[in-house]
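One file, structure.txt, is given below (compact mmCIF, C-alpha atoms).
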# COMPACT_ATOMS: atom_id res chain seq x y z
CA MET A 1 -9.51 6.76 162.68
CA SER A 2 -12.26 5.41 164.93
CA GLU A 3 -12.00 2.47 167.25
CA ILE A 4 -14.24 0.41 165.01
CA ASN A 5 -12.38 0.73 161.76
CA TYR A 6 -8.71 1.45 162.53
CA VAL A 7 -7.32 -1.96 161.54
CA SER A 8 -10.06 -2.63 158.96
CA GLY A 9 -9.46 0.74 157.34
CA ARG A 10 -5.74 0.11 156.97
CA MET A 11 -6.09 -3.49 155.78
CA ASP A 12 -8.77 -2.52 153.23
CA ASN A 13 -6.51 0.27 151.94
CA ILE A 14 -3.54 -2.00 151.09
CA PRO A 15 -3.10 -2.87 147.39
CA ILE A 16 -2.93 -6.55 146.55
CA SER A 17 0.60 -7.96 146.64
CA ARG A 18 2.29 -11.34 146.41
CA LEU A 19 1.91 -11.59 150.17
CA HIS A 20 -1.86 -11.85 149.74
CA TYR A 21 -1.37 -14.63 147.20
CA LYS A 22 1.03 -16.38 149.57
CA MET A 23 -1.66 -16.31 152.26
CA LEU A 24 -4.20 -17.70 149.77
CA TRP A 25 -2.00 -20.67 148.91
CA LEU A 26 -0.81 -21.41 152.43
CA ILE A 27 -4.42 -21.48 153.62
CA GLY A 28 -5.71 -23.10 150.44
CA LEU A 29 -3.31 -26.05 150.49
CA GLY A 30 -4.52 -26.99 153.97
CA ILE A 31 -8.20 -26.84 153.01
CA PHE A 32 -7.45 -28.70 149.74
CA LEU A 33 -6.01 -31.58 151.77
CA ASP A 34 -9.07 -31.39 154.00
CA GLY A 35 -11.41 -31.83 151.04
CA PHE A 36 -9.14 -34.44 149.49
CA ASP A 37 -9.35 -36.58 152.61
CA VAL A 38 -13.15 -36.30 152.84
CA TYR A 39 -13.56 -37.53 149.27
CA LEU A 40 -10.95 -40.33 149.41
CA SER A 41 -13.01 -42.30 151.92
CA GLY A 42 -15.39 -43.63 149.24
CA GLY A 43 -12.67 -45.45 147.30
CA VAL A 44 -10.92 -46.67 150.44
CA LEU A 45 -14.09 -48.06 152.03
CA GLY A 46 -15.04 -49.86 148.82
CA VAL A 47 -11.70 -51.70 148.74
CA LEU A 48 -11.84 -52.53 152.45
CA LEU A 49 -15.32 -54.00 152.06
CA LYS A 50 -14.41 -56.03 148.99
CA SER A 51 -11.27 -57.47 150.62
CA GLY A 52 -13.16 -58.51 153.76
CA TRP A 53 -11.09 -56.18 155.95
CA SER A 54 -14.28 -54.32 156.81
CA THR A 55 -18.04 -54.81 156.80
CA ILE A 56 -20.99 -52.64 155.81
CA ASN A 57 -21.69 -51.85 159.45
CA LEU A 58 -18.07 -50.93 160.15
CA ASN A 59 -18.02 -48.75 157.02
CA ALA A 60 -21.13 -46.98 158.28
CA THR A 61 -19.43 -46.43 161.64
CA PHE A 62 -16.37 -45.04 159.82
CA ILE A 63 -18.59 -42.47 158.07
CA SER A 64 -20.51 -41.58 161.23
CA VAL A 65 -17.32 -41.15 163.27
CA THR A 66 -15.98 -38.85 160.55
CA PHE A 67 -18.97 -36.53 160.94
CA VAL A 68 -18.77 -36.67 164.72
CA GLY A 69 -15.12 -35.60 164.49
CA LEU A 70 -16.04 -32.82 162.06
CA LEU A 71 -18.67 -31.59 164.49
CA ILE A 72 -16.28 -31.60 167.46
CA GLY A 73 -13.52 -29.94 165.45
CA SER A 74 -15.88 -27.21 164.19
CA LEU A 75 -16.98 -26.41 167.73
CA LEU A 76 -13.60 -26.56 169.48
CA THR A 77 -11.66 -24.52 166.94
CA GLY A 78 -13.97 -21.56 167.49
CA PHE A 79 -12.90 -21.30 171.11
CA VAL A 80 -9.21 -21.98 170.36
CA GLY A 81 -9.06 -19.57 167.42
CA ASP A 82 -10.81 -16.70 169.20
CA SER A 83 -8.84 -17.09 172.42
CA MET A 84 -5.37 -18.17 171.27
CA GLY A 85 -5.23 -16.88 167.71
CA ARG A 86 -6.13 -17.93 164.18
CA LYS A 87 -2.61 -19.05 163.32
CA PHE A 88 -2.27 -21.23 166.42
CA ALA A 89 -5.61 -22.91 165.75
CA TYR A 90 -4.84 -23.40 162.07
CA GLN A 91 -1.47 -25.00 162.71
CA LEU A 92 -2.84 -27.21 165.49
CA ASN A 93 -5.65 -28.44 163.21
CA LEU A 94 -3.27 -29.46 160.44
CA LEU A 95 -0.84 -31.14 162.85
CA ILE A 96 -3.64 -33.26 164.38
CA PHE A 97 -4.94 -34.17 160.93
CA GLY A 98 -1.50 -34.98 159.46
CA LEU A 99 -0.24 -37.14 162.33
CA ALA A 100 -3.54 -39.03 162.60
CA SER A 101 -3.40 -39.75 158.84
CA LEU A 102 0.06 -41.30 159.13
CA VAL A 103 -1.02 -43.44 162.08
CA ALA A 104 -4.14 -44.50 160.15
CA ALA A 105 -1.92 -45.79 157.35
CA VAL A 106 -0.52 -48.51 159.64
CA SER A 107 -3.86 -49.53 161.19
CA PRO A 108 -3.86 -53.22 162.20
CA ASN A 109 -7.65 -53.49 161.96
CA MET A 110 -10.80 -51.56 161.07
CA ILE A 111 -11.59 -50.51 164.64
CA PHE A 112 -8.18 -48.86 164.95
CA LEU A 113 -8.73 -47.11 161.60
CA ILE A 114 -12.13 -45.84 162.77
CA VAL A 115 -10.57 -44.33 165.92
CA CYS A 116 -7.90 -42.62 163.79
CA ARG A 117 -10.63 -41.37 161.48
CA GLY A 118 -12.44 -39.73 164.37
CA ILE A 119 -9.25 -37.88 165.37
CA MET A 120 -8.66 -36.90 161.74
CA GLY A 121 -12.22 -35.58 161.60
CA ILE A 122 -11.51 -33.19 164.47
CA GLY A 123 -8.65 -31.66 162.49
CA LEU A 124 -10.71 -31.64 159.29
CA GLY A 125 -13.66 -29.84 160.86
CA ALA A 126 -11.40 -27.24 162.43
CA GLU A 127 -9.51 -26.59 159.18
CA ILE A 128 -12.63 -25.51 157.26
CA VAL A 129 -13.84 -23.17 160.00
CA THR A 130 -10.48 -21.45 160.44
CA GLY A 131 -9.40 -21.25 156.80
CA TYR A 132 -12.23 -19.23 155.28
CA ALA A 133 -12.48 -16.86 158.24
CA LEU A 134 -8.71 -16.31 158.32
CA LEU A 135 -8.40 -15.34 154.66
CA ALA A 136 -11.38 -12.99 154.97
CA GLU A 137 -9.52 -11.08 157.68
CA PHE A 138 -6.52 -10.39 155.43
CA VAL A 139 -8.01 -9.30 152.09
CA PRO A 140 -9.67 -5.95 151.16
CA SER A 141 -13.43 -5.71 151.67
CA LYS A 142 -14.17 -4.72 148.04
CA THR A 143 -12.80 -8.00 146.71
CA ARG A 144 -13.16 -10.20 149.80
CA GLY A 145 -15.82 -12.35 148.17
CA LYS A 146 -13.64 -13.05 145.14
CA TRP A 147 -10.64 -14.02 147.27
CA VAL A 148 -12.58 -16.36 149.55
CA SER A 149 -14.27 -17.84 146.46
CA MET A 150 -10.83 -18.61 145.02
CA LEU A 151 -10.15 -20.48 148.25
CA SER A 152 -13.39 -22.40 147.77
CA LEU A 153 -12.33 -23.26 144.21
CA ILE A 154 -9.04 -24.70 145.47
CA THR A 155 -11.03 -26.75 147.97
CA ASN A 156 -13.52 -28.09 145.42
CA VAL A 157 -10.81 -29.17 142.97
CA SER A 158 -9.95 -31.75 145.63
CA ALA A 159 -12.99 -33.83 144.64
CA PRO A 160 -11.83 -34.82 141.14
CA ALA A 161 -8.18 -34.86 142.34
CA SER A 162 -9.01 -37.37 145.05
CA ALA A 163 -10.96 -39.56 142.63
CA LEU A 164 -8.12 -39.53 140.10
CA LEU A 165 -5.37 -40.27 142.63
CA GLY A 166 -7.45 -43.03 144.18
CA TYR A 167 -7.94 -44.56 140.74
CA LEU A 168 -4.18 -44.51 140.12
CA ILE A 169 -2.89 -45.51 143.55
CA ILE A 170 -5.34 -47.82 145.33
CA PRO A 171 -5.32 -50.67 142.74
CA ARG A 172 -1.50 -50.54 142.44
CA LEU A 173 -0.15 -49.64 145.88
CA GLY A 174 -3.10 -50.21 148.21
CA TRP A 175 -5.40 -48.00 150.27
CA ARG A 176 -2.83 -47.25 153.00
CA TRP A 177 -0.83 -45.06 150.65
CA MET A 178 -3.75 -42.64 150.33
CA PHE A 179 -3.41 -41.84 154.04
CA VAL A 180 0.40 -41.69 153.77
CA ILE A 181 0.19 -39.13 150.97
CA VAL A 182 -2.31 -36.96 152.85
CA GLY A 183 -0.32 -37.19 156.08
CA VAL A 184 3.04 -36.31 154.52
CA LEU A 185 1.61 -33.43 152.48
CA SER A 186 -0.17 -32.09 155.58
CA LEU A 187 3.08 -31.98 157.57
CA ILE A 188 4.86 -30.27 154.65
CA VAL A 189 2.15 -27.59 154.52
CA TRP A 190 2.32 -27.27 158.32
CA PHE A 191 6.06 -26.58 158.03
CA LEU A 192 5.56 -24.01 155.25
CA ARG A 193 2.94 -22.19 157.31
CA ARG A 194 5.19 -21.61 160.31
CA THR A 195 6.02 -18.08 159.10
CA MET A 196 2.42 -17.20 158.28
CA PRO A 197 1.43 -13.97 160.11
CA GLU A 198 -1.35 -13.77 162.69
CA SER A 199 -4.51 -11.88 161.79
CA PRO A 200 -4.13 -8.19 162.72
CA ARG A 201 -7.88 -8.07 163.32
CA TRP A 202 -7.48 -10.75 165.99
CA TYR A 203 -4.60 -8.80 167.54
CA GLU A 204 -6.84 -5.74 167.63
CA SER A 205 -9.67 -7.69 169.24
CA LYS A 206 -7.23 -8.61 172.04
CA GLY A 207 -5.93 -5.06 172.45
CA MET A 208 -2.48 -5.96 171.05
CA ILE A 209 -2.26 -2.91 168.80
CA GLU A 210 1.53 -2.91 168.38
CA LYS A 211 1.48 -6.47 167.05
CA ALA A 212 -1.44 -5.62 164.75
CA GLU A 213 0.50 -2.67 163.36
CA GLU A 214 3.58 -4.85 162.75
CA VAL A 215 1.54 -7.18 160.51
CA ILE A 216 -0.19 -4.29 158.73
CA GLU A 217 3.13 -2.55 158.08
CA MET A 218 4.55 -5.77 156.63
CA PHE A 219 1.68 -5.91 154.11
CA GLU A 220 1.95 -2.19 153.39
CA LYS A 221 5.69 -2.35 152.72
CA LYS A 222 5.32 -5.39 150.48
CA ALA A 223 2.59 -3.65 148.45
CA GLU A 224 4.66 -0.46 148.13
CA ASP A 225 7.75 -2.39 146.99
CA GLU A 226 5.79 -4.22 144.30
CA THR A 227 3.43 -1.49 143.07
CA GLY A 228 5.38 1.67 143.79
CA ILE A 229 2.19 3.13 145.24
CA HIS A 230 2.53 4.91 148.57
CA VAL A 231 0.10 3.50 151.13
CA SER A 232 -1.23 6.15 153.52
CA ARG A 233 -0.68 5.28 157.18
CA PRO A 234 -3.15 6.96 159.55
CA VAL A 235 -1.80 7.70 163.01
CA LEU A 236 -3.60 6.21 165.99
CA ASP A 237 -3.75 8.75 168.82
CA MET A 238 -3.06 7.64 172.38
CA ASN A 239 -6.69 8.07 173.48
CA SER A 240 -7.99 5.75 170.74
CA LYS A 241 -5.12 3.35 171.39
CA SER A 242 -6.05 3.15 175.05
CA LYS A 243 -9.65 2.35 174.14
CA LEU A 244 -8.57 -0.41 171.77
CA GLN A 245 -6.29 -1.99 174.34
CA SER A 246 -9.09 -2.08 176.91
CA LYS A 247 -11.70 -3.72 174.67
CA LYS A 248 -14.00 -6.08 176.53
CA SER A 249 -13.64 -9.75 175.62
CA ALA A 250 -16.62 -11.32 173.91
CA ARG A 251 -18.22 -14.52 175.20
CA PHE A 252 -19.76 -17.53 173.49
CA SER A 253 -23.15 -16.54 174.94
CA ASP A 254 -23.00 -13.34 172.85
CA LEU A 255 -23.96 -15.47 169.84
CA PHE A 256 -27.45 -15.74 171.33
CA LYS A 257 -28.00 -12.12 172.31
CA GLY A 258 -29.14 -8.90 170.64
CA ASN A 259 -28.60 -8.45 166.91
CA ILE A 260 -26.13 -11.38 166.80
CA LEU A 261 -28.85 -13.97 167.56
CA PRO A 262 -30.62 -13.69 164.17
CA ARG A 263 -27.22 -13.93 162.46
CA THR A 264 -26.46 -17.11 164.39
CA VAL A 265 -29.81 -18.51 163.28
CA VAL A 266 -29.11 -17.55 159.66
CA GLY A 267 -25.61 -19.07 159.77
CA CYS A 268 -26.86 -22.34 161.25
CA MET A 269 -29.77 -22.68 158.81
CA ILE A 270 -27.59 -21.94 155.78
CA LEU A 271 -25.12 -24.66 156.77
CA ILE A 272 -27.87 -27.14 157.61
CA ALA A 273 -29.30 -26.61 154.12
CA ILE A 274 -25.95 -26.74 152.31
CA ASN A 275 -24.61 -29.79 154.18
CA THR A 276 -27.88 -31.69 153.81
CA LEU A 277 -28.09 -30.85 150.12
CA ILE A 278 -24.49 -31.80 149.34
CA TYR A 279 -24.29 -35.05 151.25
CA THR A 280 -27.77 -36.20 150.26
CA PHE A 281 -27.26 -35.50 146.56
CA VAL A 282 -23.70 -36.87 146.34
CA THR A 283 -24.52 -39.96 148.41
CA TRP A 284 -27.79 -40.88 146.74
CA ALA A 285 -27.13 -39.85 143.13
CA PRO A 286 -25.80 -43.33 142.20
CA THR A 287 -28.93 -44.87 143.75
CA LEU A 288 -31.16 -42.96 141.35
CA PHE A 289 -29.13 -44.24 138.41
CA LEU A 290 -29.24 -47.81 139.70
CA ARG A 291 -33.02 -47.62 140.15
CA ASN A 292 -33.27 -46.60 136.51
CA GLY A 293 -31.45 -49.73 135.34
CA ILE A 294 -27.90 -48.37 135.01
CA ASN A 295 -25.14 -50.73 136.19
CA VAL A 296 -22.77 -49.83 139.00
CA SER A 297 -19.83 -48.95 136.77
CA LYS A 298 -21.82 -46.56 134.59
CA SER A 299 -23.58 -45.15 137.64
CA LEU A 300 -20.25 -44.14 139.21
CA GLY A 301 -19.09 -42.79 135.85
CA TYR A 302 -22.17 -40.59 135.50
CA THR A 303 -21.75 -39.36 139.08
CA THR A 304 -18.12 -38.44 138.33
CA ILE A 305 -19.20 -36.45 135.28
CA MET A 306 -21.72 -34.53 137.37
CA MET A 307 -19.07 -33.77 140.00
CA VAL A 308 -17.12 -31.78 137.41
CA GLY A 309 -19.76 -29.16 138.18
CA ALA A 310 -18.21 -28.65 141.64
CA PRO A 311 -15.25 -26.46 140.59
CA LEU A 312 -17.44 -24.79 137.95
CA GLY A 313 -19.89 -23.81 140.69
CA ALA A 314 -17.06 -22.31 142.73
CA LEU A 315 -15.95 -20.32 139.65
CA VAL A 316 -19.44 -18.94 139.06
CA GLY A 317 -19.80 -18.12 142.75
CA GLY A 318 -16.52 -16.24 142.70
CA PHE A 319 -17.60 -14.25 139.64
CA ILE A 320 -20.92 -13.05 141.06
CA VAL A 321 -20.27 -12.71 144.79
CA ASP A 322 -18.76 -9.20 144.76
CA ARG A 323 -20.95 -8.02 141.91
CA CYS A 324 -24.39 -9.21 142.95
CA GLY A 325 -23.98 -9.63 146.70
CA ARG A 326 -24.45 -12.51 149.09
CA LYS A 327 -27.97 -12.32 150.50
CA TRP A 328 -30.02 -12.25 147.30
CA CYS A 329 -27.74 -14.67 145.47
CA LEU A 330 -28.19 -17.20 148.25
CA ILE A 331 -31.97 -16.79 148.13
CA ILE A 332 -32.15 -17.06 144.32
CA PHE A 333 -29.83 -20.06 144.01
CA MET A 334 -31.55 -21.93 146.83
CA ILE A 335 -34.83 -21.59 144.93
CA LEU A 336 -33.16 -22.64 141.64
CA ALA A 337 -31.52 -25.63 143.35
CA GLY A 338 -34.94 -26.66 144.66
CA VAL A 339 -36.48 -26.47 141.20
CA LEU A 340 -33.64 -28.43 139.60
CA GLY A 341 -33.68 -30.98 142.42
CA TYR A 342 -37.32 -31.77 141.79
CA ALA A 343 -36.75 -31.94 138.01
CA TYR A 344 -33.81 -34.28 138.61
CA ALA A 345 -35.86 -36.65 140.75
CA VAL A 346 -38.80 -37.04 138.34
CA GLN A 347 -36.74 -37.71 135.19
CA GLN A 348 -36.70 -41.15 133.60
CA THR A 349 -34.44 -40.42 130.62
CA MET A 350 -30.77 -40.95 131.39
CA TRP A 351 -29.35 -38.06 129.40
CA LEU A 352 -31.79 -35.66 131.09
CA ILE A 353 -30.87 -36.99 134.52
CA LEU A 354 -27.19 -36.47 133.68
CA VAL A 355 -27.66 -32.95 132.31
CA ILE A 356 -29.95 -31.77 135.10
CA GLY A 357 -27.70 -33.41 137.69
CA PHE A 358 -24.69 -31.58 136.27
CA PHE A 359 -26.40 -28.18 136.55
CA LEU A 360 -27.74 -29.08 139.99
CA THR A 361 -24.15 -29.80 141.08
CA ILE A 362 -23.13 -26.35 139.84
CA MET A 363 -25.97 -24.78 141.86
CA ILE A 364 -25.00 -26.70 145.00
CA TYR A 365 -21.37 -25.57 144.84
CA ILE A 366 -22.37 -21.98 144.11
CA LEU A 367 -24.32 -22.15 147.38
CA LEU A 368 -21.33 -23.75 149.10
CA THR A 369 -19.06 -20.92 147.94
CA LEU A 370 -21.50 -18.10 148.72
CA GLY A 371 -22.74 -19.52 152.01
CA LEU A 372 -20.14 -21.61 153.81
CA ALA A 373 -17.00 -19.98 152.41
CA VAL A 374 -17.97 -16.30 152.12
CA TYR A 375 -21.18 -15.28 153.91
CA VAL A 376 -21.29 -17.12 157.24
CA PRO A 377 -17.81 -16.00 158.48
CA GLU A 378 -18.77 -12.40 157.59
CA LEU A 379 -21.83 -12.44 159.85
CA PHE A 380 -19.92 -12.37 163.13
CA PRO A 381 -17.67 -9.72 164.73
CA THR A 382 -13.94 -10.46 165.00
CA GLU A 383 -14.11 -11.20 168.74
CA ILE A 384 -16.41 -14.19 168.17
CA ARG A 385 -16.01 -14.84 164.43
CA LEU A 386 -14.53 -18.31 164.80
CA ARG A 387 -16.93 -19.29 167.58
CA GLY A 388 -19.90 -18.14 165.48
CA THR A 389 -18.60 -19.84 162.33
CA GLY A 390 -17.62 -22.95 164.28
CA PHE A 391 -21.01 -23.22 165.99
CA SER A 392 -22.85 -22.78 162.68
CA ASN A 393 -20.67 -25.44 161.06
CA ALA A 394 -21.20 -27.77 164.02
CA ILE A 395 -24.98 -27.48 163.71
CA GLY A 396 -24.68 -28.09 159.97
CA ARG A 397 -22.56 -31.18 160.63
CA LEU A 398 -25.04 -32.38 163.23
CA ALA A 399 -27.70 -32.44 160.54
CA THR A 400 -25.54 -34.67 158.34
CA ILE A 401 -25.31 -37.25 161.13
CA PHE A 402 -29.08 -37.74 161.24
CA THR A 403 -30.40 -36.89 157.75
CA PRO A 404 -29.02 -40.07 156.06
CA TYR A 405 -31.37 -42.15 158.22
CA GLY A 406 -34.31 -40.00 157.15
CA VAL A 407 -33.28 -40.28 153.50
CA ALA A 408 -32.99 -44.07 153.76
CA TRP A 409 -36.42 -44.26 155.39
CA LEU A 410 -38.03 -42.16 152.64
CA ILE A 411 -36.40 -44.22 149.86
CA ASN A 412 -37.34 -47.55 151.44
CA ASN A 413 -40.92 -46.58 152.23
CA TYR A 414 -41.72 -44.03 149.53
CA SER A 415 -39.43 -42.82 146.72
CA VAL A 416 -36.38 -40.81 145.74
CA LYS A 417 -38.80 -38.17 144.50
CA LEU A 418 -40.03 -37.53 148.05
CA VAL A 419 -36.42 -37.08 149.21
CA PHE A 420 -35.96 -34.19 146.80
CA ILE A 421 -39.36 -32.72 147.65
CA SER A 422 -38.24 -32.65 151.29
CA LEU A 423 -35.00 -30.94 150.25
CA ASP A 424 -37.04 -28.39 148.27
CA VAL A 425 -39.08 -27.55 151.36
CA LEU A 426 -35.90 -27.14 153.43
CA LEU A 427 -34.34 -24.84 150.82
CA LEU A 428 -37.46 -22.67 150.60
CA VAL A 429 -37.66 -22.34 154.39
CA VAL A 430 -33.98 -21.34 154.62
CA ALA A 431 -34.38 -18.87 151.73
CA LEU A 432 -37.26 -17.26 153.65
CA ILE A 433 -35.14 -17.06 156.84
CA ILE A 434 -32.33 -15.36 154.89
CA PHE A 435 -34.84 -12.92 153.37
CA ILE A 436 -36.21 -11.96 156.81
CA PHE A 437 -33.09 -12.02 158.99
CA GLY A 438 -30.14 -11.92 156.59
CA VAL A 439 -27.94 -8.83 156.13
CA GLU A 440 -26.07 -7.84 152.98
CA THR A 441 -22.29 -7.90 153.43
CA LYS A 442 -21.11 -7.11 149.91
CA GLN A 443 -18.00 -4.88 149.82
CA LYS A 444 -18.47 -3.82 153.45
CA SER A 445 -15.66 -3.77 155.99
CA LEU A 446 -15.91 -6.67 158.41
CA ASP A 447 -16.33 -4.17 161.24
CA GLN A 448 -19.10 -2.30 159.40
CA ILE A 449 -21.06 -5.52 159.02
Represent the structure from my file as structure tokens, please.
Amino acid sequence: MSEINYVSGRMDNIPISRLHYKMLWLIGLGIFLDGFDVYLSGGVLGVLLKSGWSTINLNATFISVTFVGLLIGSLLTGFVGDSMGRKFAYQLNLLIFGLASLVAAVSPNMIFLIVCRGIMGIGLGAEIVTGYALLAEFVPSKTRGKWVSMLSLITNVSAPASALLGYLIIPRLGWRWMFVIVGVLSLIVWFLRRTMPESPRWYESKGMIEKAEEVIEMFEKKAEDETGIHVSRPVLDMNSKSKLQSKKSARFSDLFKGNILPRTVVGCMILIAINTLIYTFVTWAPTLFLRNGINVSKSLGYTTIMMVGAPLGALVGGFIVDRCGRKWCLIIFMILAGVLGYAYAVQQTMWLILVIGFFLTIMIYILLTLGLAVYVPELFPTEIRLRGTGFSNAIGRLATIFTPYGVAWLINNYSVKLVFISLDVLLLVVALIIFIFGVETKQKSLDQI
């Protein structure tokens, strides 16, 4: 087979086995804990503020430091993962996150907790970047979207899980136990992932063909044992092997050259739109309820109901991604999210706000699944996949550091309605950029893309 598709061709030709599911769960558990930790902060900060252990300003710093850590982690893991391997980066991320969580549980004051949170954020940001890209490199191209969407579903279940566990644990045992649970579970998952194989595509990108073949043969043998189907094994001739072993290393600057530049732009803009949409909607949804005369308790209850749409959105995304493709689905659902966002903002009737908000949540998490989880990692070649994905995530995180101030300014000086109009404009601009520069990746080998 050719230099371009030797490893891809063999990996795409392997029937699904329990080894693929093992990879899904080993990767998924780490990203689940990542999402769990992001969502637990709301309950923890509320208790800290009420008890006098923290202040509004310190809580704001806690949130800002989290996003700064996410940004740094997203950027650094791209370099580590592309140079030292996906497995090394993934294990390092979880170790940093788990140990920092345990230290955070014994924080003597809020400043110490904020510092721990920044370190945790580095591990959190790196986990998301590595996880989705890593799974995509192991599963067949024809069902890659479905598999990565399943990973997104596991991640998004963390939102209601975190809310439920916080409800059960914080009032009875205290906020520190939330960090203990996350830290202990992270170290358990880190231990379980020690035997996880390295990506054969990464091995190929580094010219380590023998190691790539060892991993491929492990998957082939497992599939044959379970299915009884013989997996054809093409022979790599010495001339092609020599070419593979002498492949030129890619550089970070390649993200801004040739046909990769428009993909970098598309990846960054998609993640700016998705991050801004998620954090603006989730953060300010209770405000809209409060401004319509709903008390705090009911406001949080309504918001929780709407968040049930998160895993439903991941399910819908997983169903359509390999059938309808990535590019046009992203364009269509960005437009639909814009329409629903405007309708949500102008409503005065509570049941309509709740219903429209629920469907808007579904749209948002369809976009999260299609864009962040599936599409963006597919845009970049193996040699710079994690750097491209990490850079795009970092730019998306950067937007979330500054947009809350813009949202607050619009609400204080104008209205919530104008916030959603601004989001609509952003979504339409990004949809246009995807239409012009985006490429379709549905059921294509990663190397073909």
Please indicate the distance in Å from atom CA of Met363 of chain A to atom CA of Ile433 of chain A, rounded to one decimal place.
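Spanning atom CA of Met363 of chain A to atom CA of Ile433 of chain A is a straight-line distance of 19.2 Å.
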Can you pull out every residue within 10 Å of Thr382 of chain A, counting all atoms listed in the file, but drop anything in the same chain fewer than 6 positions away, and send it as number ranges by chain?
A: 82, 133, 137, 201-206, 250, 388, 446-447
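The nearest approach to Leu26 of chain A among the residues A:Phe191, A:Phe179, A:Phe219, A:Phe112, with all atoms listed in the file taken into account, belongs to A:Phe191.
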Quick one: everything within 9 Å of segment 255-269 of chain A, counting only C-alpha atoms, minus sequence neighbours fewer than 5 positions away in the same chain. Send it as an NGL selection string.
:A and (274 or 371-372 or 375-377 or 379-381 or 384 or 387-389 or 391-396 or 430 or 433-434 or 437-439)
Return the single residue from A:Gly357, A:Gly406, A:Pro311, A:Pro15 that is closest to Thr369 of chain A, with distances computed using all atoms listed in the file.
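Comparing A:Gly357, A:Gly406, A:Pro311, A:Pro15 against Thr369 of chain A, the winner is A:Pro311.
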Which value, in Å to one decimal, gives the distance between atom CA of Glu127 of chain A and atom CA of Gly317 of chain A?
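Between these atoms lies a distance of 21.2 Å.
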Could you please determine the separation between atom CA of Val374 of chain A and atom CA of Asn275 of chain A in Å, to one decimal place?
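We find that atom CA of Val374 of chain A and atom CA of Asn275 of chain A lie 15.2 Å from each other.
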Pick the closest to Ile356 of chain A from A:Leu368, A:Ala310, A:Ala337, A:Met11: which is it, counting all atoms listed in the file?
A:Ala337
Segment 143-154 of chain A: which residues within 9 Å, counting all atoms listed in the file, same-chain residues fewer than 5 positions away excluded, as a compact mmCIF listing (two decimals) with C-alpha atoms, keeping the file's coordinate frame?
# COMPACT_ATOMS: atom_id res chain seq x y z
CA LEU A 24 -4.20 -17.70 149.77
CA TRP A 25 -2.00 -20.67 148.91
CA ILE A 27 -4.42 -21.48 153.62
CA GLY A 28 -5.71 -23.10 150.44
CA LEU A 29 -3.31 -26.05 150.49
CA ILE A 31 -8.20 -26.84 153.01
CA PHE A 32 -7.45 -28.70 149.74
CA GLY A 131 -9.40 -21.25 156.80
CA TYR A 132 -12.23 -19.23 155.28
CA ALA A 133 -12.48 -16.86 158.24
CA LEU A 135 -8.40 -15.34 154.66
CA ALA A 136 -11.38 -12.99 154.97
CA GLU A 137 -9.52 -11.08 157.68
CA PHE A 138 -6.52 -10.39 155.43
CA ALA A 310 -18.21 -28.65 141.64
CA PRO A 311 -15.25 -26.46 140.59
CA LEU A 312 -17.44 -24.79 137.95
CA GLY A 313 -19.89 -23.81 140.69
CA ALA A 314 -17.06 -22.31 142.73
CA LEU A 315 -15.95 -20.32 139.65
CA GLY A 317 -19.80 -18.12 142.75
CA GLY A 318 -16.52 -16.24 142.70
CA PHE A 319 -17.60 -14.25 139.64
CA ILE A 320 -20.92 -13.05 141.06
CA VAL A 321 -20.27 -12.71 144.79
CA ASP A 322 -18.76 -9.20 144.76
CA GLY A 325 -23.98 -9.63 146.70
CA ARG A 326 -24.45 -12.51 149.09
CA LEU A 368 -21.33 -23.75 149.10
CA THR A 369 -19.06 -20.92 147.94
CA LEU A 370 -21.50 -18.10 148.72
CA ALA A 373 -17.00 -19.98 152.41
CA VAL A 374 -17.97 -16.30 152.12
CA TYR A 375 -21.18 -15.28 153.91
CA LYS A 442 -21.11 -7.11 149.91
CA GLN A 443 -18.00 -4.88 149.82
